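Heads up, the thing below is written out as structure tokens.
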Amino acid sequence: MAKKTIMLVCSAGMSTSLLVTKMQKAAEARGMDADIFAVSASDADNNLSAKDVNVLLLGPQVRFMKSQFEQKLAPMGIPLDVINMADYGMMNGEKVLDQAIQLIGE
């Protein structure tokens with residue numbers, strides 16, 4: 001499996017950093033080559049143009065931005081979803097990584 005780039009977007013990029021760490025550990029345990037990172041909603045556009053993102057996950061606190069991200073990502077063919085609130089609250093890196101992989105379709 002080729003390297004996957006998973007971008008998480010939240011309001012400030014801080015709360016999601018712990019989740020990123022747990023997702024990276026889960027990816028390593030599976031032998032998956034992944035670039036997983038979190039950015040603030042205001043910095044998302046810069047990262048979308050700078051990196052080859054395979055999937056974008058929104059933190060529950062920015063779910064209201066889903067439709068505007070869908071409009072941006074549709075022409076690029078990048079799948080998007082909101083992270084499950086329970087998985088986010090529990091910082092369940094395994095489940096959120098599964099969600100990302102499912103969206104990528106591999």
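In the structure tokens, chains take the letters A, B, ... in the order shown, each chain's residues start at 1, and ligands count up from 1 in the order shown.
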
*Among the residues of chain A, find those DSSP assigns to strand (DSSP E or B) from the backbone and print them as a PyMOL selection string.*
chain A and resi 4-10+34-40+55-58+80-82

*Within region 3-39 of chain A, find each residue whose DSSP state, derived from the backbone, is alpha helix (DSSP H), and express the selection as a PyMOL selection string.*
chain A and resi 15-29

*Which one of A:Thr5, A:Gln68, A:Thr16, A:Ser49 sits closest to Asp35 (chain A) if you count only C-alpha atoms?*
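Checking each candidate against Asp35 (chain A), we get A:Thr5 as the closest.
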
_Distance criterion (only C-alpha atoms): nearest to Gln24 (chain A) out of A:Asn92, A:Gly105, A:Asp87, A:Ala74_ = A:Asn92

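The closest residue to Leu73 (chain A), picked from A:Ala27, A:Ala100, A:Met91, A:Ala44 and counting only C-alpha atoms, is A:Ala44.
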
*Which of these residues is nearest to Asp98 (chain A), using only C-alpha atoms: A:Asn84, A:Asn47, A:Lys3, A:Gly59?*
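Closest residue, counting only C-alpha atoms: A:Asn84.
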
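Take the candidates A:Ala41, A:Met14, A:Ala26, A:Met32 and check each one against Val62 (chain A) using only C-alpha atoms; the shortest distance goes to A:Ala41.
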
*Name the closest residue to Ala2 (chain A) among the candidates A:Leu57, A:Ile104, A:Val96, A:Ile78; distances are taken between atoms, counting only C-alpha atoms.*
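That would be A:Ile104, the residue with the smallest distance to Ala2 (chain A).
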
_When you look at Gln61 (chain A) with a cut-off of 12 Å (counting only C-alpha atoms), what residues show up, excluding the ones that are within fewer than 4 positions of it in the same chain? I need them as a list in words._
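After dropping sequence-adjacent residues, the list is Leu8, Val9, Cys10, Ser11, Ala12, Gly13, Ser15, Thr16, Ser40, Ala41, Leu57, Met65, Lys66, Val82, Ile83, Asn84, Met85, Tyr88 and Gly89 of chain A.
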
Just to be explicit: take each residue in the selection above, keep C-alpha atoms, and write the result as a JSON list (two decimals), in the first residue's frame.
[["chain", "number", "residue", "atom", "x", "y", "z"],
["A", 8, "LEU", "CA", -7.42, 16.28, 10.28],
["A", 9, "VAL", "CA", -9.00, 19.71, 10.58],
["A", 10, "CYS", "CA", -10.13, 21.24, 13.85],
["A", 11, "SER", "CA", -10.72, 24.74, 15.13],
["A", 12, "ALA", "CA", -7.18, 25.42, 16.35],
["A", 13, "GLY", "CA", -5.19, 22.29, 15.48],
["A", 15, "SER", "CA", -6.97, 19.26, 20.48],
["A", 16, "THR", "CA", -6.49, 17.00, 17.51],
["A", 40, "SER", "CA", -6.56, 24.55, 12.01],
["A", 41, "ALA", "CA", -9.54, 25.22, 9.75],
["A", 57, "LEU", "CA", -11.40, 14.34, 8.48],
["A", 65, "MET", "CA", -17.86, 23.52, 7.86],
["A", 66, "LYS", "CA", -18.50, 20.19, 6.12],
["A", 82, "VAL", "CA", -16.65, 14.25, 10.30],
["A", 83, "ILE", "CA", -14.84, 12.24, 12.98],
["A", 84, "ASN", "CA", -17.28, 10.28, 15.15],
["A", 85, "MET", "CA", -17.84, 12.29, 18.33],
["A", 88, "TYR", "CA", -12.88, 11.78, 19.09],
["A", 89, "GLY", "CA", -13.82, 12.13, 22.76]]

*Record the distance separating CA of Phe64 (chain A) and CA of Ile101 (chain A), expressed in Å with one decimal.*
22.8 Å
